[in-house]
Amino acid sequence: MDCTYSNFRTSTAPFSWTPTSTSTSKLKFRNLKRLNSIKHSMVAMSVSGSGENGSLARFPLTPNKLFMQEAIGAEYGEGFESFRPDGPMKVDVDFLNDRLQEGFLKRIRYSMKPDEAYGLVFSWDNVVADTQTLKLNAWKQLASEEGKRVPEDGDVQKLMLYAGADQVLQKLLLWGMAESELDRLKLRFSELYYRGLLSLKTPVDGLKEWLDAVSTARIPCAIVSSLDRIHMLEALDRMSLKKYFQAIVTEEDDMESMAHRFLSAAVKLDRKPSKCVVFEDDPRGITAAHNCTMMAIALIGAHPAYDLVQADLAVGSFNELSVINLRRLFANKGSTFMELQKQSAEKAPSKRKLRIDTIF
């Protein structure tokens with residue numbers, strides 16, 4: 001696909017915003033949080049004895065959002081803050097749907113090639129890569145090192161894949177350790193997970209063929225993840241998928257919820273959220289997509305089909321999809337669809353009244 005990373009541009013008037021003292025203080029506080037996070041990571045790496053040239057030096061040894069349960073977000077259409085030269089700017093769902101309207105030339109192009117108007121957003125976990133196996137293997141290896149064991153109960157193991165590291169250690173595994181020991185175990189689990197990530201070389205079955213199809217149709221794609229950008233790009237490169245994605249949302253984007261990641265992907269793709277399709281395997285991710293006015297296609301596997309009924313379409317694998325499925329998702333969507341005040345019933349010709357004259 002001969003597309004490049006798209007900038008956040010619109011065909012309407014430029015954004016105008018005047019910073020306030022409250023927003024400036026929020027900005028300073030947010031920068032302070034980032035600096036503290038960077039210092040914490042550097043301390044952890046120096047304690048672990050890793051150097052710049054060592055393989056462990058690139059592991060984010062502090063537990064990040066990858067091992068925490070993220071908020072769904074955008075329950076009321078709220079968005080995130082975008083930092084611009086003139087100060088931070090609030091970006092929400094309605095704002096993006098309005099500001100990312102297609103210009104005149106784009107409308108002409110999309111009328112001839114409607115598929116290009118869409119944007120596809122892929123979640124990394126269990127949609128692009130089989131990360132549930134990576135996580136479960138990391139927990140099992142950690143348990144083996146500590147002389148413990150992971151419960152064989154399928155429901156418990158399923159909770160372990162989606163719960164945060166704190167919740168798994170304290171409420172599911174019940175190893176009964178001190179707080180300092182819990183921090184050590186979380187760091188070790190993070191290291192084991194990233195070691196497994198380095199050996200990941202194959203994507204989910206059928207994904208590459210599907211990406212080939214949407215690339216031929218010139219539909220831009222984005223991938224969202226809680227991974228850091230370096231490991232995300234390296235993993236995509238090992239799986240030979242890097243060329244298919246025009247936008248990447250990672251931990252460095254500092255998004256606070258799943259919905260915010262999807263909105264950030266829409267901005268980077270230069271597509272309205274209402275024209276985007278999210279590929280997810282988690283019911284919470286599907287809810288987040290709908291909160292952003294996006295369509296959602298669920299991949300059955302990590303969750304059974306009856307847990308994914310809220311998705312606009314559920315498939316067993318990418319092999320079941322074709323580009324025509326995307327068109328059908330938006331077939332009945334539009335500003336005039338099912339609006340009663342615009343129904344044309346009143347325009348129907350009036351019926352002629354028949355009278356029968358009776359002669360007495």
# chains A, B, ... in the order shown; residues from 1 in each chain; ligands from 1
$ residues_around --residues "segment 276-286 of chain A" --least-positions-apart "2" --cutoff "7 Å" --atoms "only C-alpha atoms" --output "JSON, numbers by chain"
{"A": [72, 118, 119, 120, 121, 122, 123, 126, 127, 258, 271, 272, 273, 274, 288, 289, 290, 294, 295, 296, 297, 298, 299, 300, 302, 303, 307, 308, 311]}
$ write_last_selection --atoms "C-alpha atoms" --output "PDB file, in the first residue's frame"
ATOM      1  CA  ILE A  72     -13.343   1.284  28.493  1.00  0.00           C
ATOM      2  CA  TYR A 118     -13.024   3.492   5.678  1.00  0.00           C
ATOM      3  CA  GLY A 119     -10.350   3.073   8.324  1.00  0.00           C
ATOM      4  CA  LEU A 120      -9.522  -0.223  10.022  1.00  0.00           C
ATOM      5  CA  VAL A 121      -8.272  -0.388  13.610  1.00  0.00           C
ATOM      6  CA  PHE A 122      -6.781  -3.662  14.875  1.00  0.00           C
ATOM      7  CA  SER A 123      -6.161  -4.517  18.508  1.00  0.00           C
ATOM      8  CA  ASN A 126      -5.402 -11.949  20.228  1.00  0.00           C
ATOM      9  CA  VAL A 127      -6.391 -10.148  17.021  1.00  0.00           C
ATOM     10  CA  MET A 258      -9.313   1.697  25.187  1.00  0.00           C
ATOM     11  CA  ARG A 271     -10.688   9.156   9.121  1.00  0.00           C
ATOM     12  CA  LYS A 272     -13.855  10.046  11.000  1.00  0.00           C
ATOM     13  CA  PRO A 273     -14.514   7.680  13.929  1.00  0.00           C
ATOM     14  CA  SER A 274     -17.921   6.916  12.407  1.00  0.00           C
ATOM     15  CA  ALA A 288     -15.300   1.064  23.614  1.00  0.00           C
ATOM     16  CA  ALA A 289     -15.571   1.001  19.807  1.00  0.00           C
ATOM     17  CA  HIS A 290     -19.306   1.681  19.924  1.00  0.00           C
ATOM     18  CA  MET A 294     -17.157   3.016  15.343  1.00  0.00           C
ATOM     19  CA  MET A 295     -18.263  -0.321  13.960  1.00  0.00           C
ATOM     20  CA  ALA A 296     -16.915  -3.452  15.653  1.00  0.00           C
ATOM     21  CA  ILE A 297     -16.018  -6.847  14.193  1.00  0.00           C
ATOM     22  CA  ALA A 298     -15.417  -9.509  16.840  1.00  0.00           C
ATOM     23  CA  LEU A 299     -12.994 -12.389  16.489  1.00  0.00           C
ATOM     24  CA  ILE A 300     -14.380 -15.481  18.205  1.00  0.00           C
ATOM     25  CA  ALA A 302     -10.623 -15.885  23.403  1.00  0.00           C
ATOM     26  CA  HIS A 303     -14.323 -15.275  24.163  1.00  0.00           C
ATOM     27  CA  ASP A 307     -20.196 -13.009  24.801  1.00  0.00           C
ATOM     28  CA  LEU A 308     -19.722 -11.054  21.569  1.00  0.00           C
ATOM     29  CA  ALA A 311     -20.529  -6.722  17.903  1.00  0.00           C
TER      30      ALA A 311
END
$ residues_around --residues "Ala117 of chain A" --least-positions-apart "5" --cutoff "10 Å" --atoms "only C-alpha atoms" --output "list in words"
Glu102, Lys106, Arg107, Arg109, Tyr110, Ser111, Arg218, Ile219, Pro220, Asp270, Arg271, Lys272, Lys275 and Cys276 of chain A
$ write_last_selection --atoms "N, CA, C and O atoms" --output "compact mmCIF listing (two decimals), in the first residue's frame"
# COMPACT_ATOMS: atom_id res chain seq x y z
N GLU A 102 -14.94 14.88 5.14
CA GLU A 102 -14.20 14.86 3.88
C GLU A 102 -14.40 16.19 3.13
O GLU A 102 -15.50 16.74 3.10
N LYS A 106 -12.07 14.92 -1.75
CA LYS A 106 -12.16 13.59 -1.15
C LYS A 106 -13.53 12.97 -1.38
O LYS A 106 -13.65 11.76 -1.62
N ARG A 107 -14.57 13.78 -1.30
CA ARG A 107 -15.92 13.24 -1.53
C ARG A 107 -16.05 12.71 -2.95
O ARG A 107 -16.70 11.68 -3.17
N ARG A 109 -13.55 11.53 -4.75
CA ARG A 109 -12.75 10.31 -4.82
C ARG A 109 -13.48 9.14 -4.15
O ARG A 109 -13.52 8.04 -4.68
N TYR A 110 -14.05 9.39 -2.97
CA TYR A 110 -14.73 8.32 -2.25
C TYR A 110 -16.02 7.89 -2.94
O TYR A 110 -16.48 6.76 -2.74
N SER A 111 -16.62 8.78 -3.72
CA SER A 111 -17.81 8.36 -4.47
C SER A 111 -17.44 7.36 -5.56
O SER A 111 -18.24 6.49 -5.91
N ARG A 218 -6.94 -0.40 -0.92
CA ARG A 218 -6.39 0.89 -0.47
C ARG A 218 -7.13 1.42 0.76
O ARG A 218 -7.43 2.62 0.86
N ILE A 219 -7.43 0.52 1.71
CA ILE A 219 -8.05 0.91 2.97
C ILE A 219 -6.95 1.05 4.02
O ILE A 219 -6.23 0.09 4.28
N PRO A 220 -6.79 2.21 4.62
CA PRO A 220 -5.71 2.38 5.60
C PRO A 220 -5.99 1.62 6.90
O PRO A 220 -7.15 1.49 7.31
N ASP A 270 -6.57 9.81 9.68
CA ASP A 270 -7.31 10.89 9.04
C ASP A 270 -8.68 10.41 8.55
O ASP A 270 -9.10 10.70 7.43
N ARG A 271 -9.35 9.67 9.40
CA ARG A 271 -10.69 9.16 9.12
C ARG A 271 -11.62 9.50 10.28
O ARG A 271 -11.22 9.46 11.44
N LYS A 272 -12.86 9.81 9.96
CA LYS A 272 -13.86 10.05 11.00
C LYS A 272 -14.04 8.78 11.82
O LYS A 272 -14.04 7.67 11.26
N LYS A 275 -16.48 6.33 10.51
CA LYS A 275 -16.13 5.60 9.30
C LYS A 275 -15.07 4.52 9.57
O LYS A 275 -14.51 3.96 8.64
N CYS A 276 -14.81 4.27 10.85
CA CYS A 276 -13.78 3.28 11.22
C CYS A 276 -14.41 1.98 11.70
O CYS A 276 -15.52 1.96 12.23
$ atom_distance --atom1 "atom CA of Ala74 of chain A" --atom2 "atom CA of Glu251 of chain A"
18.5 Å
$ residues_around --residues "segment 201-211 of chain A" --least-positions-apart "3" --cutoff "8 Å" --atoms "only C-alpha atoms" --output "list in words"
Asn126, Val127, Val128, Ala129, Asp130, Val214, Ser215, Ala235, Arg238, Met239, Leu241, Tyr244, Ser317, Phe318, Asn319, Leu321 and Ser322 of chain A
$ atom_distance --atom1 "atom CA of Ile230 of chain A" --atom2 "atom CA of Glu191 of chain A"
15.3 Å
$ select_by_dssp --residues "segment 168-241 of chain A" --states "helix (DSSP H, G or I)" --output "PyMOL selection string"
chain A and resi 168-172+179-198+207-216+229-238
$ select_by_dssp --residues "segment 183-278 of chain A" --states "strand (DSSP E or B)" --output "ChimeraX atom specification"
/A:221-224,247-249,257,276-278
$ atom_distance --atom1 "atom CA of Arg328 of chain A" --atom2 "atom CA of Asp312 of chain A"
10.3 Å
$ closest_residue --among "A:Val168, A:Leu198, A:Val93, A:Ala259" --to "Lys186 of chain A" --atoms "only C-alpha atoms"
A:Val168
$ closest_residue --among "A:Leu200, A:Arg184, A:Ala265, A:Gln101" --to "Asp237 of chain A" --atoms "only C-alpha atoms"
A:Leu200
